[in-house]
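Raw input_10.pdb, PDB, C-alpha atoms, pLDDT in the B column:
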```pdb
ATOM      1  CA  MET A   1     -33.318 -52.824 -26.231  1.00 50.00           C
ATOM      2  CA  THR A   2     -36.362 -53.224 -23.991  1.00 50.00           C
ATOM      3  CA  ALA A   3     -35.890 -55.433 -20.922  1.00 50.00           C
ATOM      4  CA  GLU A   4     -38.019 -58.571 -20.892  1.00 50.00           C
ATOM      5  CA  PRO A   5     -40.727 -58.635 -18.189  1.00 50.00           C
ATOM      6  CA  LEU A   6     -40.457 -61.189 -15.426  1.00 46.00           C
ATOM      7  CA  SER A   7     -42.322 -64.358 -16.234  1.00 47.00           C
ATOM      8  CA  ALA A   8     -45.080 -65.502 -13.969  1.00 48.00           C
ATOM      9  CA  HIS A   9     -42.950 -68.307 -12.480  1.00 50.00           C
ATOM     10  CA  GLU A  10     -39.961 -66.096 -11.630  1.00 52.00           C
ATOM     11  CA  PRO A  11     -39.859 -64.730  -8.036  1.00 53.00           C
ATOM     12  CA  ASP A  12     -39.833 -61.022  -7.383  1.00 53.00           C
ATOM     13  CA  PRO A  13     -36.434 -59.560  -6.658  1.00 55.00           C
ATOM     14  CA  GLU A  14     -35.524 -59.966  -2.977  1.00 58.00           C
ATOM     15  CA  PRO A  15     -36.248 -56.698  -1.172  1.00 56.00           C
ATOM     16  CA  LYS A  16     -33.346 -54.916   0.484  1.00 55.00           C
ATOM     17  CA  PRO A  17     -33.454 -54.961   4.287  1.00 55.00           C
ATOM     18  CA  ALA A  18     -34.580 -51.732   5.886  1.00 52.00           C
ATOM     19  CA  PRO A  19     -31.781 -49.795   7.565  1.00 49.00           C
ATOM     20  CA  GLN A  20     -31.542 -50.571  11.248  1.00 53.00           C
ATOM     21  CA  PRO A  21     -31.323 -47.832  13.822  1.00 56.00           C
ATOM     22  CA  GLY A  22     -27.936 -47.655  15.517  1.00 57.00           C
ATOM     23  CA  PHE A  23     -25.190 -45.392  16.834  1.00 56.00           C
ATOM     24  CA  ARG A  24     -23.703 -42.910  14.384  1.00 67.00           C
ATOM     25  CA  TRP A  25     -20.204 -41.624  15.068  1.00 67.00           C
ATOM     26  CA  PRO A  26     -19.996 -37.833  15.093  1.00 72.00           C
ATOM     27  CA  VAL A  27     -18.543 -36.462  11.867  1.00 77.00           C
ATOM     28  CA  PRO A  28     -15.886 -33.813  12.575  1.00 77.00           C
ATOM     29  CA  PRO A  29     -16.129 -30.420  10.913  1.00 83.00           C
ATOM     30  CA  ARG A  30     -13.341 -29.484   8.516  1.00 84.00           C
ATOM     31  CA  GLU A  31     -11.459 -27.498  11.175  1.00 87.00           C
ATOM     32  CA  GLY A  32     -11.978 -30.198  13.830  1.00 92.00           C
ATOM     33  CA  PHE A  33     -14.025 -30.229  17.003  1.00 95.00           C
ATOM     34  CA  THR A  34     -13.785 -27.535  19.665  1.00 95.00           C
ATOM     35  CA  VAL A  35     -14.284 -27.497  23.426  1.00 95.00           C
ATOM     36  CA  ASP A  36     -17.875 -26.354  22.907  1.00 93.00           C
ATOM     37  CA  ASP A  37     -18.540 -29.483  20.812  1.00 92.00           C
ATOM     38  CA  LEU A  38     -17.145 -31.654  23.604  1.00 91.00           C
ATOM     39  CA  TYR A  39     -19.960 -30.441  25.846  1.00 90.00           C
ATOM     40  CA  THR A  40     -22.794 -30.283  23.305  1.00 92.00           C
ATOM     41  CA  LEU A  41     -22.435 -33.407  21.143  1.00 91.00           C
ATOM     42  CA  PRO A  42     -24.974 -36.001  22.334  1.00 89.00           C
ATOM     43  CA  ASP A  43     -24.138 -39.481  23.632  1.00 87.00           C
ATOM     44  CA  LEU A  44     -20.355 -39.150  23.820  1.00 90.00           C
ATOM     45  CA  PRO A  45     -18.783 -41.938  25.924  1.00 90.00           C
ATOM     46  CA  PRO A  46     -17.681 -41.013  29.446  1.00 89.00           C
ATOM     47  CA  HIS A  47     -14.182 -39.496  29.759  1.00 92.00           C
ATOM     48  CA  THR A  48     -13.994 -38.452  26.094  1.00 94.00           C
ATOM     49  CA  GLU A  49     -11.006 -36.153  25.503  1.00 96.00           C
ATOM     50  CA  LEU A  50     -10.283 -33.533  22.849  1.00 95.00           C
ATOM     51  CA  LEU A  51      -6.777 -33.450  21.339  1.00 95.00           C
ATOM     52  CA  ASP A  52      -5.943 -31.304  18.322  1.00 94.00           C
ATOM     53  CA  GLY A  53      -9.621 -31.061  17.451  1.00 94.00           C
ATOM     54  CA  SER A  54     -10.142 -34.843  17.477  1.00 93.00           C
ATOM     55  CA  LEU A  55     -12.260 -36.809  19.935  1.00 93.00           C
ATOM     56  CA  VAL A  56     -10.377 -39.501  21.862  1.00 93.00           C
ATOM     57  CA  PHE A  57     -12.375 -42.296  23.470  1.00 90.00           C
ATOM     58  CA  VAL A  58     -11.058 -44.129  26.519  1.00 84.00           C
ATOM     59  CA  SER A  59     -10.715 -47.924  26.541  1.00 82.00           C
ATOM     60  CA  PRO A  60     -11.553 -50.082  29.594  1.00 82.00           C
ATOM     61  CA  GLN A  61      -8.801 -49.642  32.182  1.00 85.00           C
ATOM     62  CA  ARG A  62      -6.636 -52.130  34.069  1.00 88.00           C
ATOM     63  CA  ASP A  63      -6.922 -52.465  37.839  1.00 93.00           C
ATOM     64  CA  PHE A  64      -3.430 -50.940  38.121  1.00 93.00           C
ATOM     65  CA  HIS A  65      -4.725 -47.744  36.549  1.00 94.00           C
ATOM     66  CA  SER A  66      -7.653 -47.348  38.934  1.00 95.00           C
ATOM     67  CA  THR A  67      -5.819 -48.265  42.142  1.00 96.00           C
ATOM     68  CA  MET A  68      -2.794 -46.125  41.265  1.00 97.00           C
ATOM     69  CA  ILE A  69      -5.033 -43.101  40.815  1.00 97.00           C
ATOM     70  CA  ASP A  70      -6.624 -43.827  44.202  1.00 97.00           C
ATOM     71  CA  LEU A  71      -3.222 -44.199  45.883  1.00 98.00           C
ATOM     72  CA  LEU A  72      -1.846 -40.930  44.528  1.00 98.00           C
ATOM     73  CA  ALA A  73      -5.053 -38.928  44.970  1.00 98.00           C
ATOM     74  CA  THR A  74      -5.307 -40.001  48.615  1.00 98.00           C
ATOM     75  CA  GLY A  75      -1.678 -39.064  49.285  1.00 98.00           C
ATOM     76  CA  LEU A  76      -2.043 -35.709  47.540  1.00 98.00           C
ATOM     77  CA  ARG A  77      -5.225 -34.842  49.441  1.00 98.00           C
ATOM     78  CA  GLY A  78      -3.578 -35.687  52.738  1.00 97.00           C
ATOM     79  CA  ALA A  79      -0.741 -33.235  52.100  1.00 98.00           C
ATOM     80  CA  ALA A  80      -2.374 -30.467  50.045  1.00 98.00           C
ATOM     81  CA  PRO A  81      -2.637 -27.005  51.643  1.00 98.00           C
ATOM     82  CA  THR A  82      -6.038 -25.371  51.884  1.00 98.00           C
ATOM     83  CA  SER A  83      -5.163 -23.215  48.875  1.00 98.00           C
ATOM     84  CA  MET A  84      -5.215 -26.277  46.587  1.00 98.00           C
ATOM     85  CA  LYS A  85      -7.691 -29.033  45.734  1.00 98.00           C
ATOM     86  CA  VAL A  86      -7.114 -32.491  44.248  1.00 98.00           C
ATOM     87  CA  ARG A  87      -9.422 -33.726  41.488  1.00 98.00           C
ATOM     88  CA  ARG A  88      -9.455 -36.932  39.456  1.00 97.00           C
ATOM     89  CA  GLU A  89     -10.589 -37.375  35.851  1.00 96.00           C
ATOM     90  CA  MET A  90     -11.684 -33.785  35.242  1.00 97.00           C
ATOM     91  CA  THR A  91     -11.360 -31.973  31.909  1.00 98.00           C
ATOM     92  CA  VAL A  92      -8.631 -29.339  31.673  1.00 98.00           C
ATOM     93  CA  VAL A  93      -9.156 -26.802  28.892  1.00 98.00           C
ATOM     94  CA  LEU A  94      -5.811 -25.923  27.292  1.00 98.00           C
ATOM     95  CA  ASP A  95      -7.220 -24.044  24.278  1.00 97.00           C
ATOM     96  CA  ARG A  96     -10.303 -24.247  22.051  1.00 96.00           C
ATOM     97  CA  ARG A  97      -9.091 -27.440  20.319  1.00 96.00           C
ATOM     98  CA  ASN A  98      -7.492 -29.250  23.270  1.00 98.00           C
ATOM     99  CA  ALA A  99      -9.293 -30.421  26.385  1.00 98.00           C
ATOM    100  CA  PRO A 100      -7.656 -33.562  27.824  1.00 98.00           C
ATOM    101  CA  GLU A 101      -8.794 -35.305  30.970  1.00 97.00           C
ATOM    102  CA  PRO A 102      -5.762 -36.058  33.157  1.00 98.00           C
ATOM    103  CA  ASP A 103      -6.100 -38.885  35.648  1.00 98.00           C
ATOM    104  CA  ILE A 104      -5.408 -36.464  38.508  1.00 98.00           C
ATOM    105  CA  CYS A 105      -4.999 -32.717  38.679  1.00 98.00           C
ATOM    106  CA  VAL A 106      -4.235 -30.321  41.493  1.00 98.00           C
ATOM    107  CA  VAL A 107      -6.039 -27.015  41.067  1.00 98.00           C
ATOM    108  CA  ARG A 108      -6.169 -23.726  42.906  1.00 98.00           C
ATOM    109  CA  ALA A 109      -8.955 -23.826  45.480  1.00 98.00           C
ATOM    110  CA  ASP A 110     -10.433 -20.554  44.276  1.00 98.00           C
ATOM    111  CA  ALA A 111     -11.019 -22.157  40.845  1.00 98.00           C
ATOM    112  CA  VAL A 112     -13.493 -24.665  42.309  1.00 97.00           C
ATOM    113  CA  GLY A 113     -16.913 -23.278  41.492  1.00 95.00           C
ATOM    114  CA  GLY A 114     -19.283 -25.943  42.762  1.00 92.00           C
ATOM    115  CA  LEU A 115     -20.331 -29.582  42.548  1.00 95.00           C
ATOM    116  CA  ASP A 116     -21.738 -29.149  39.034  1.00 95.00           C
ATOM    117  CA  GLN A 117     -18.411 -27.940  37.614  1.00 96.00           C
ATOM    118  CA  THR A 118     -17.181 -29.965  34.610  1.00 95.00           C
ATOM    119  CA  ARG A 119     -13.851 -28.387  33.639  1.00 97.00           C
ATOM    120  CA  TYR A 120     -10.882 -26.323  34.769  1.00 98.00           C
ATOM    121  CA  ALA A 121      -8.819 -23.773  32.858  1.00 98.00           C
ATOM    122  CA  ALA A 122      -5.129 -24.549  32.383  1.00 98.00           C
ATOM    123  CA  GLU A 123      -4.083 -21.424  34.311  1.00 98.00           C
ATOM    124  CA  ASP A 124      -5.822 -22.786  37.424  1.00 98.00           C
ATOM    125  CA  VAL A 125      -3.969 -26.128  37.317  1.00 98.00           C
ATOM    126  CA  VAL A 126      -0.771 -26.652  39.309  1.00 98.00           C
ATOM    127  CA  LEU A 127      -0.102 -30.359  38.660  1.00 98.00           C
ATOM    128  CA  VAL A 128      -1.340 -32.964  36.188  1.00 98.00           C
ATOM    129  CA  VAL A 129      -0.799 -36.713  36.589  1.00 98.00           C
ATOM    130  CA  GLU A 130      -1.146 -39.306  33.834  1.00 98.00           C
ATOM    131  CA  VAL A 131      -1.150 -43.043  34.584  1.00 97.00           C
ATOM    132  CA  ILE A 132      -0.099 -44.877  31.429  1.00 95.00           C
ATOM    133  CA  SER A 133      -2.468 -47.438  29.901  1.00 89.00           C
ATOM    134  CA  PRO A 134      -1.662 -49.634  26.892  1.00 87.00           C
ATOM    135  CA  ASP A 135      -4.005 -47.660  24.627  1.00 86.00           C
ATOM    136  CA  SER A 136      -2.825 -44.239  25.822  1.00 89.00           C
ATOM    137  CA  GLU A 137       0.952 -44.723  26.038  1.00 92.00           C
ATOM    138  CA  ALA A 138       1.871 -42.544  23.049  1.00 92.00           C
ATOM    139  CA  ARG A 139      -0.468 -39.745  24.130  1.00 94.00           C
ATOM    140  CA  ASP A 140       0.689 -39.841  27.765  1.00 96.00           C
ATOM    141  CA  ARG A 141       4.398 -39.856  26.914  1.00 95.00           C
ATOM    142  CA  ASP A 142       4.416 -37.373  24.068  1.00 95.00           C
ATOM    143  CA  ALA A 143       1.311 -35.440  23.025  1.00 95.00           C
ATOM    144  CA  LYS A 144      -0.144 -34.600  26.426  1.00 97.00           C
ATOM    145  CA  PRO A 145       3.038 -33.441  28.211  1.00 98.00           C
ATOM    146  CA  ARG A 146       3.913 -31.203  25.277  1.00 97.00           C
ATOM    147  CA  LYS A 147       0.477 -29.614  25.430  1.00 98.00           C
ATOM    148  CA  TYR A 148       0.467 -29.299  29.228  1.00 98.00           C
ATOM    149  CA  ALA A 149       3.877 -27.602  29.083  1.00 98.00           C
ATOM    150  CA  ALA A 150       2.829 -25.245  26.278  1.00 97.00           C
ATOM    151  CA  ALA A 151      -0.205 -24.275  28.379  1.00 97.00           C
ATOM    152  CA  GLY A 152       2.099 -23.372  31.291  1.00 97.00           C
ATOM    153  CA  ILE A 153       1.088 -26.055  33.822  1.00 98.00           C
ATOM    154  CA  PRO A 154       4.028 -26.063  36.277  1.00 98.00           C
ATOM    155  CA  HIS A 155       4.203 -29.750  37.277  1.00 98.00           C
ATOM    156  CA  PHE A 156       3.640 -33.071  35.506  1.00 98.00           C
ATOM    157  CA  TRP A 157       3.902 -36.656  36.770  1.00 98.00           C
ATOM    158  CA  LEU A 158       4.009 -39.713  34.508  1.00 98.00           C
ATOM    159  CA  VAL A 159       3.141 -43.021  36.178  1.00 98.00           C
ATOM    160  CA  GLU A 160       3.681 -46.489  34.758  1.00 95.00           C
ATOM    161  CA  MET A 161       3.799 -50.128  35.740  1.00 90.00           C
ATOM    162  CA  GLY A 162       7.270 -51.643  35.862  1.00 79.00           C
ATOM    163  CA  ASP A 163       8.356 -54.375  33.462  1.00 73.00           C
ATOM    164  CA  GLY A 164       7.718 -57.889  34.752  1.00 67.00           C
ATOM    165  CA  ASP A 165       5.521 -56.857  37.683  1.00 72.00           C
ATOM    166  CA  ALA A 166       3.008 -54.220  38.701  1.00 75.00           C
ATOM    167  CA  HIS A 167       5.489 -52.157  40.729  1.00 88.00           C
ATOM    168  CA  PRO A 168       4.691 -48.471  40.203  1.00 94.00           C
ATOM    169  CA  MET A 169       7.223 -45.986  38.886  1.00 96.00           C
ATOM    170  CA  VAL A 170       6.618 -42.224  38.931  1.00 98.00           C
ATOM    171  CA  ARG A 171       8.583 -39.776  36.794  1.00 98.00           C
ATOM    172  CA  VAL A 172       8.375 -36.215  38.112  1.00 98.00           C
ATOM    173  CA  TYR A 173       8.776 -33.200  35.820  1.00 98.00           C
ATOM    174  CA  GLU A 174       8.905 -29.437  36.335  1.00 98.00           C
ATOM    175  CA  LEU A 175       8.248 -26.781  33.731  1.00 98.00           C
ATOM    176  CA  ASP A 176      11.107 -24.769  32.265  1.00 97.00           C
ATOM    177  CA  PRO A 177       9.282 -21.421  32.005  1.00 91.00           C
ATOM    178  CA  VAL A 178      11.696 -20.074  29.400  1.00 93.00           C
ATOM    179  CA  ASN A 179      11.426 -22.890  26.844  1.00 93.00           C
ATOM    180  CA  HIS A 180       7.993 -24.176  27.940  1.00 94.00           C
ATOM    181  CA  VAL A 181       9.146 -27.799  28.135  1.00 97.00           C
ATOM    182  CA  TYR A 182       9.256 -30.207  31.076  1.00 98.00           C
ATOM    183  CA  ALA A 183      12.542 -31.158  32.726  1.00 98.00           C
ATOM    184  CA  LEU A 184      12.837 -34.481  34.567  1.00 98.00           C
ATOM    185  CA  THR A 185      13.607 -33.908  38.258  1.00 98.00           C
ATOM    186  CA  GLY A 186      13.347 -37.457  39.608  1.00 97.00           C
ATOM    187  CA  ILE A 187      12.293 -41.084  39.119  1.00 97.00           C
ATOM    188  CA  HIS A 188      10.573 -42.651  42.139  1.00 97.00           C
ATOM    189  CA  HIS A 189      10.081 -46.379  42.807  1.00 94.00           C
ATOM    190  CA  ASP A 190       9.228 -46.892  46.484  1.00 94.00           C
ATOM    191  CA  GLN A 191       8.699 -43.463  48.047  1.00 97.00           C
ATOM    192  CA  LEU A 192       7.392 -40.497  46.113  1.00 98.00           C
ATOM    193  CA  LYS A 193       8.899 -37.652  48.118  1.00 98.00           C
ATOM    194  CA  VAL A 194       8.839 -34.176  46.575  1.00 98.00           C
ATOM    195  CA  PRO A 195       8.907 -30.579  47.831  1.00 97.00           C
ATOM    196  CA  VAL A 196       6.684 -29.147  45.076  1.00 97.00           C
ATOM    197  CA  PRO A 197       3.939 -28.260  44.328  1.00 97.00           C
ATOM    198  CA  PHE A 198       3.882 -28.834  48.111  1.00 98.00           C
ATOM    199  CA  ASP A 199       5.841 -31.040  50.459  1.00 98.00           C
ATOM    200  CA  LEU A 200       4.597 -34.624  50.486  1.00 96.00           C
ATOM    201  CA  GLY A 201       5.667 -38.242  50.718  1.00 98.00           C
ATOM    202  CA  ILE A 202       3.615 -41.141  49.337  1.00 98.00           C
ATOM    203  CA  ASP A 203       4.328 -44.846  49.743  1.00 98.00           C
ATOM    204  CA  ILE A 204       4.189 -46.206  46.177  1.00 97.00           C
ATOM    205  CA  THR A 205       5.470 -49.720  46.898  1.00 95.00           C
ATOM    206  CA  LEU A 206       3.674 -52.697  45.434  1.00 93.00           C
ATOM    207  CA  ASP A 207       2.455 -53.565  48.946  1.00 94.00           C
ATOM    208  CA  ALA A 208       0.812 -50.141  49.265  1.00 95.00           C
ATOM    209  CA  LEU A 209      -0.912 -50.624  45.921  1.00 93.00           C
ATOM    210  CA  ARG A 210      -2.140 -54.109  46.815  1.00 93.00           C
ATOM    211  CA  ALA A 211      -3.528 -52.859  50.142  1.00 95.00           C
ATOM    212  CA  LEU A 212      -6.161 -50.771  48.390  1.00 93.00           C
TER
END
```
Rendering of file as structure tokens:
Amino acid sequence: MTAEPLSAHEPDPEPKPAPQPGFRWPVPPREGFTVDDLYTLPDLPPHTELLDGSLVFVSPQRDFHSTMIDLLATGLRGAAPTSMKVRREMTVVLDRRNAPEPDICVVRADAVGGLDQTRYAAEDVVLVVEVISPDSEARDRDAKPRKYAAAGIPHFWLVEMGDGDAHPMVRVYELDPVNHVYALTGIHHDQLKVPVPFDLGIDITLDALRAL
């Protein structure tokens, strides 16, 4: 059957709107993204991480997260020997499909190549610190420590805000080199005092946090 033509009094079909330009999310390859993609894909948001070949975007952070990083980074820098350097929010390459960005890392000084450096290799990292945020809790408690341990990073700290108030709590872990898992060595509420990776003591009371 032949379709009837539009009569003279019938309006033309409404044209479809032209597609609008906008952001297009990167489509992962079948085997997932690699570290090279992390540094070559255009327009990735700041602090994008790579976990198991997937890109992880960071949500806006609470004030606790920012000030806690400042508090710990300042204390670490004040105690670190000249053979070590303290860096915040730098990518650590664990393998070709995993490149997280810990909140703080302590690296060997001879691994620092210059002010344009964007990443560190896992073998150059002595300590990683993760401050838990609501959107990253599962990654910080489970996925990241397992990967840091498997990569042989000797020390890991997990920082969180106490229930009911903003009082910091720091869990300190050391690597079991035989089983490549972290063992809890202490839970710190007011004073973070540890002998490794170097001797230091940091006031982590709520007053110290509020003073920043």
Next item on the list: Show me as a PyMOL selection string the residues that reach within 6 Å of (-6.1, -34.2, 21.7), counting all atoms listed in the file and using the file's own coordinates.
Entry: chain A and resi 50-52+54+98
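Proximity to Ala73 in chain A was assessed for A:Arg146, A:Arg87, A:Arg96, A:His189 counting all atoms listed in the file; the smallest distance is recorded for A:Arg87.
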Notebook entry, point to check: Could you pull the residues within 12 Å of Val172 in chain A, counting only C-alpha atoms, minus those fewer than 5 positions along the same chain, as a list in words?
Noted result: Leu127, Val128, Val129, Glu130, Pro145, Pro154, His155, Phe156, Trp157, Leu158, Val159, Glu160, Tyr182, Ala183, Leu184, Thr185, Gly186, Ile187, His188, His189, Leu192, Lys193, Val194, Pro195, Val196 and Pro197 of chain A
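Distance-wise, CA of Pro168 in chain A and CA of Asp199 in chain A end up 20.3 Å apart.
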Note to self: Given the PyMOL selection byres ((chain A and resi 101-117) around 8) and the file above, list the residues it selects as a list in words.
What the structure shows: His47, Thr48, Glu49, Ile69, Ala73, Thr82, Ser83, Met84, Lys85, Val86, Arg87, Arg88, Glu89, Met90, Thr91, Val92, Ala99, Pro100, Thr118, Arg119, Tyr120, Asp124, Val125, Val126, Leu127, Val128, Val129, Glu130 and Val131 of chain A
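The spacing separating CA of Val35 in chain A from CA of Gly53 in chain A amounts to 8.4 Å.
Interatomic distance, CA of Lys144 in chain A to CA of Tyr173 in chain A: 13.0 Å.
These residues, each with an atom at most 10 Å from (-1.9, -47.0, 36.9) using only C-alpha atoms, are Gln61, Arg62, Asp63, Phe64, His65, Ser66, Thr67, Met68, Ile69, Asp70, Leu71, Leu72, Asp103, Glu130, Val131, Ile132, Ser133, Leu158, Val159, Glu160, Met161, Ala166, His167, Pro168, Met169, Val170 and Leu209 of chain A.
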Please produce, as a tab-separated table, a per-residue contact table for range 76-162 of chain A versus range 200-204 of chain A (criterion: any atom at most 9 Å away, only C-alpha atoms considered), showing the nearest atom pair and its distance in Å to one decimal, sorted by chain then residue number.
```
residue	atom	partner	partner_atom	distance
A:Leu76	CA	A:Leu200	CA	7.3
A:Gly78	CA	A:Leu200	CA	8.5
A:Ala79	CA	A:Leu200	CA	5.7
A:Ala80	CA	A:Leu200	CA	8.1
```
